Amino acid sequence: MGASELLTEIKRQYNLLSIDTKRFAVKAFVLVILFNVAYILYFGPSRLFDRPLTSFTAEITNYLLNHLYKAGFSLKEIHRGALIIYNKKGLLLIGDACNAFKLYALYLGFLLCVPGTIAKKLIYFIIGIALILILNLIRLVALTWLLFNKPEWTNVAHHYIFTTIVYACIFMLWVSYLKGRELI
């Protein structure tokens, strides 16, 4: 299939979509472009959201580790992140990529693109942000447990298992939000 045939097929498939789906697709596309440009040019370099969110995530993780797992963890702020320390050794680096900011933005962006009442969006916003935060904290505590007990599993858990779990939960929230709507 050549490029012109592919473009024709995309147009044909696009024309089969409902008006709500088309609106969603256009809004989502524009929002993704705007967010990424803003993040690359301003939010990322300035750390406007990343700095406080990474610090908050690291502080809560440190608290949970000390109170739920073992005592003796401490926290050291480093460039673009925080280091969880145990027995004077760096154990877990919580960088800006670990603070779930992009997940919060993705989840919120979806809610902004889909039609719905402000009340319903607000309820799902609160539930979704809380769930993402809790899942991220569980992920960080679980990674620490793995580092102590099953270090050979840490990489797979970090990059695949926990990522899949978080995205599956976000997807289930979206499905719940859309329940009863015509999707196509």
# chains A, B, ... in the order shown; residues from 1 in each chain; ligands from 1
$ select_by_dssp --residues "chain A" --states "alpha helix (DSSP H)" --output "PyMOL selection string"
chain A and resi 3-16+19-38+44-46+50-64+101-113+118-149+154-156+162-178
$ closest_atom_pairs --of "region 42-63 of chain A" --to "region 85-106 of chain A" --cutoff "8 Å" --atoms "only C-alpha atoms" --output "Markdown table"
| residue | atom | partner | partner_atom | distance |
| --- | --- | --- | --- | --- |
| A:Phe49 | CA | A:Phe101 | CA | 7.6 |
| A:Asp50 | CA | A:Asp96 | CA | 5.7 |
| A:Arg51 | CA | A:Asp96 | CA | 7.3 |
| A:Leu53 | CA | A:Asn99 | CA | 6.0 |
| A:Thr54 | CA | A:Asn99 | CA | 5.0 |
| A:Thr57 | CA | A:Asn99 | CA | 6.1 |
| A:Ala58 | CA | A:Ile94 | CA | 6.3 |
$ closest_atom_pairs --of "region 41-138 of chain A" --to "region 143-165 of chain A" --cutoff "10 Å" --atoms "only C-alpha atoms" --output "JSON lines"
{"residue": "A:Thr61", "atom": "CA", "partner": "A:Thr144", "partner_atom": "CA", "distance": 9.7}
{"residue": "A:Leu65", "atom": "CA", "partner": "A:Thr144", "partner_atom": "CA", "distance": 8.3}
{"residue": "A:Tyr69", "atom": "CA", "partner": "A:Trp145", "partner_atom": "CA", "distance": 8.2}
{"residue": "A:Lys70", "atom": "CA", "partner": "A:Trp145", "partner_atom": "CA", "distance": 9.9}
{"residue": "A:Ile84", "atom": "CA", "partner": "A:Thr144", "partner_atom": "CA", "distance": 9.2}
{"residue": "A:Leu91", "atom": "CA", "partner": "A:Thr144", "partner_atom": "CA", "distance": 7.6}
{"residue": "A:Leu92", "atom": "CA", "partner": "A:Thr144", "partner_atom": "CA", "distance": 6.8}
{"residue": "A:Leu135", "atom": "CA", "partner": "A:Ile165", "partner_atom": "CA", "distance": 8.6}
{"residue": "A:Asn136", "atom": "CA", "partner": "A:Phe162", "partner_atom": "CA", "distance": 8.7}
{"residue": "A:Leu137", "atom": "CA", "partner": "A:Leu143", "partner_atom": "CA", "distance": 9.8}
{"residue": "A:Ile138", "atom": "CA", "partner": "A:Leu143", "partner_atom": "CA", "distance": 8.4}
$ write_last_selection --atoms "C-alpha atoms" --output "PDB file, in the first residue's frame"
ATOM      1  CA  THR A  61       7.982   7.288  49.693  1.00  0.00           C
ATOM      2  CA  LEU A  65       9.493   3.028  53.770  1.00  0.00           C
ATOM      3  CA  TYR A  69       8.920  -1.472  55.800  1.00  0.00           C
ATOM      4  CA  LYS A  70      12.134  -0.752  57.711  1.00  0.00           C
ATOM      5  CA  ILE A  84      16.472   7.307  48.959  1.00  0.00           C
ATOM      6  CA  LEU A  91      19.292   2.801  47.093  1.00  0.00           C
ATOM      7  CA  LEU A  92      16.507   4.278  44.968  1.00  0.00           C
ATOM      8  CA  LEU A 135      -0.181   3.399  42.564  1.00  0.00           C
ATOM      9  CA  ASN A 136       3.047   5.341  42.059  1.00  0.00           C
ATOM     10  CA  LEU A 137       3.842   5.229  45.779  1.00  0.00           C
ATOM     11  CA  ILE A 138       3.107   1.489  45.913  1.00  0.00           C
TER      12      ILE A 138
END
$ closest_atom_pairs --of "region 20-113 of chain A" --to "region 125-129 of chain A" --cutoff "8 Å" --atoms "only C-alpha atoms" --output "tab-separated table"
residue	atom	partner	partner_atom	distance
A:Tyr104	CA	A:Ile129	CA	6.3
A:Tyr107	CA	A:Gly128	CA	7.3
A:Leu108	CA	A:Phe125	CA	6.7
A:Leu111	CA	A:Phe125	CA	7.6
$ atom_distance --atom1 "CA of Cys169 (chain A)" --atom2 "CA of Lys121 (chain A)"
17.0 Å
$ select_by_dssp --residues "chain A" --states "strand (DSSP E or B)" --output "JSON, numbers by chain"
{"A": [73, 74, 75, 76, 77, 78, 81, 82, 83, 84, 85, 86, 89, 90, 91, 92, 93, 94, 95]}
$ write_last_selection --atoms "N, CA and C atoms" --output "mmCIF file, in the first residue's frame"
data_model
loop_
_atom_site.group_PDB
_atom_site.id
_atom_site.type_symbol
_atom_site.label_atom_id
_atom_site.label_comp_id
_atom_site.auth_asym_id
_atom_site.auth_seq_id
_atom_site.Cartn_x
_atom_site.Cartn_y
_atom_site.Cartn_z
ATOM 1 N N PHE A 73 15.676 4.709 56.621
ATOM 2 C CA PHE A 73 15.767 5.334 55.309
ATOM 3 C C PHE A 73 15.894 6.838 55.485
ATOM 4 N N SER A 74 16.627 7.460 54.595
ATOM 5 C CA SER A 74 16.706 8.918 54.591
ATOM 6 C C SER A 74 16.633 9.391 53.145
ATOM 7 N N LEU A 75 16.566 10.680 52.991
ATOM 8 C CA LEU A 75 16.326 11.270 51.679
ATOM 9 C C LEU A 75 17.357 12.350 51.421
ATOM 10 N N LYS A 76 17.904 12.363 50.223
ATOM 11 C CA LYS A 76 18.862 13.394 49.835
ATOM 12 C C LYS A 76 18.414 13.980 48.504
ATOM 13 N N GLU A 77 18.202 15.283 48.479
ATOM 14 C CA GLU A 77 17.849 15.963 47.228
ATOM 15 C C GLU A 77 19.087 15.995 46.334
ATOM 16 N N ILE A 78 18.886 15.647 45.077
ATOM 17 C CA ILE A 78 19.963 15.714 44.099
ATOM 18 C C ILE A 78 19.449 16.445 42.877
ATOM 19 N N GLY A 81 16.042 15.375 41.079
ATOM 20 C CA GLY A 81 15.452 14.232 41.743
ATOM 21 C C GLY A 81 15.808 14.149 43.214
ATOM 22 N N ALA A 82 15.572 12.972 43.760
ATOM 23 C CA ALA A 82 15.884 12.703 45.161
ATOM 24 C C ALA A 82 16.377 11.263 45.258
ATOM 25 N N LEU A 83 17.260 11.044 46.199
ATOM 26 C CA LEU A 83 17.848 9.728 46.388
ATOM 27 C C LEU A 83 17.411 9.191 47.736
ATOM 28 N N ILE A 84 16.807 7.998 47.721
ATOM 29 C CA ILE A 84 16.472 7.307 48.959
ATOM 30 C C ILE A 84 17.737 6.579 49.399
ATOM 31 N N ILE A 85 18.127 6.808 50.631
ATOM 32 C CA ILE A 85 19.369 6.249 51.168
ATOM 33 C C ILE A 85 19.029 5.269 52.284
ATOM 34 N N TYR A 86 19.771 4.165 52.300
ATOM 35 C CA TYR A 86 19.638 3.186 53.380
ATOM 36 C C TYR A 86 21.042 2.726 53.759
ATOM 37 N N LYS A 89 23.987 4.290 51.932
ATOM 38 C CA LYS A 89 24.175 3.966 50.521
ATOM 39 C C LYS A 89 22.935 4.374 49.740
ATOM 40 N N GLY A 90 23.164 4.966 48.570
ATOM 41 C CA GLY A 90 22.050 5.302 47.701
ATOM 42 C C GLY A 90 21.344 4.038 47.249
ATOM 43 N N LEU A 91 20.048 4.011 47.407
ATOM 44 C CA LEU A 91 19.292 2.801 47.093
ATOM 45 C C LEU A 91 18.333 2.999 45.914
ATOM 46 N N LEU A 92 17.551 4.069 45.963
ATOM 47 C CA LEU A 92 16.507 4.278 44.968
ATOM 48 C C LEU A 92 16.507 5.740 44.532
ATOM 49 N N LEU A 93 16.693 5.950 43.240
ATOM 50 C CA LEU A 93 16.657 7.296 42.686
ATOM 51 C C LEU A 93 15.239 7.592 42.211
ATOM 52 N N ILE A 94 14.669 8.655 42.736
ATOM 53 C CA ILE A 94 13.359 9.109 42.290
ATOM 54 C C ILE A 94 13.590 10.384 41.494
ATOM 55 N N GLY A 95 13.653 10.219 40.185
ATOM 56 C CA GLY A 95 13.879 11.341 39.295
ATOM 57 C C GLY A 95 12.569 11.950 38.845
#
$ closest_residue --among "A:Ala130, A:Tyr167, A:Arg80, A:Tyr124" --to "Ser46 (chain A)" --atoms "only C-alpha atoms"
A:Arg80
$ atom_distance --atom1 "CA of Tyr14 (chain A)" --atom2 "CA of Val30 (chain A)"
16.5 Å
$ closest_residue --among "A:Ala71, A:Leu112, A:Leu133, A:Ala142" --to "Tyr177 (chain A)" --atoms "only C-alpha atoms"
A:Leu112
$ atom_distance --atom1 "CA of Asn62 (chain A)" --atom2 "CA of Arg139 (chain A)"
12.8 Å
$ residues_around --residues "region 15-22 of chain A" --least-positions-apart "2" --cutoff "12 Å" --atoms "only C-alpha atoms" --output "list of chain:residue names"
A:Thr8, A:Glu9, A:Ile10, A:Lys11, A:Arg12, A:Gln13, A:Phe24, A:Ala25, A:Val26, A:Lys27, A:Ala28, A:Phe29, A:Cys113, A:Val114, A:Pro115, A:Gly116, A:Leu178, A:Arg181, A:Glu182, A:Leu183, A:Ile184
$ write_last_selection --atoms "C-alpha atoms" --output "compact mmCIF listing (two decimals), in the first residue's frame"
# COMPACT_ATOMS: atom_id res chain seq x y z
CA THR A 8 -7.14 7.70 1.37
CA GLU A 9 -7.86 4.83 3.78
CA ILE A 10 -7.24 7.05 6.82
CA LYS A 11 -9.66 9.65 5.43
CA ARG A 12 -12.25 6.94 4.74
CA GLN A 13 -11.94 5.55 8.27
CA PHE A 24 -12.19 13.98 20.75
CA ALA A 25 -9.47 13.05 18.24
CA VAL A 26 -8.87 16.65 17.18
CA LYS A 27 -8.89 17.97 20.76
CA ALA A 28 -6.58 15.19 21.93
CA PHE A 29 -4.15 15.76 19.06
CA CYS A 113 -11.23 16.11 25.63
CA VAL A 114 -14.31 13.99 26.34
CA PRO A 115 -17.71 15.67 26.71
CA GLY A 116 -19.22 15.47 30.18
CA LEU A 178 -17.23 6.63 29.20
CA ARG A 181 -21.58 6.69 25.76
CA GLU A 182 -21.50 5.89 22.08
CA LEU A 183 -17.80 5.39 21.39
CA ILE A 184 -17.63 5.33 17.59
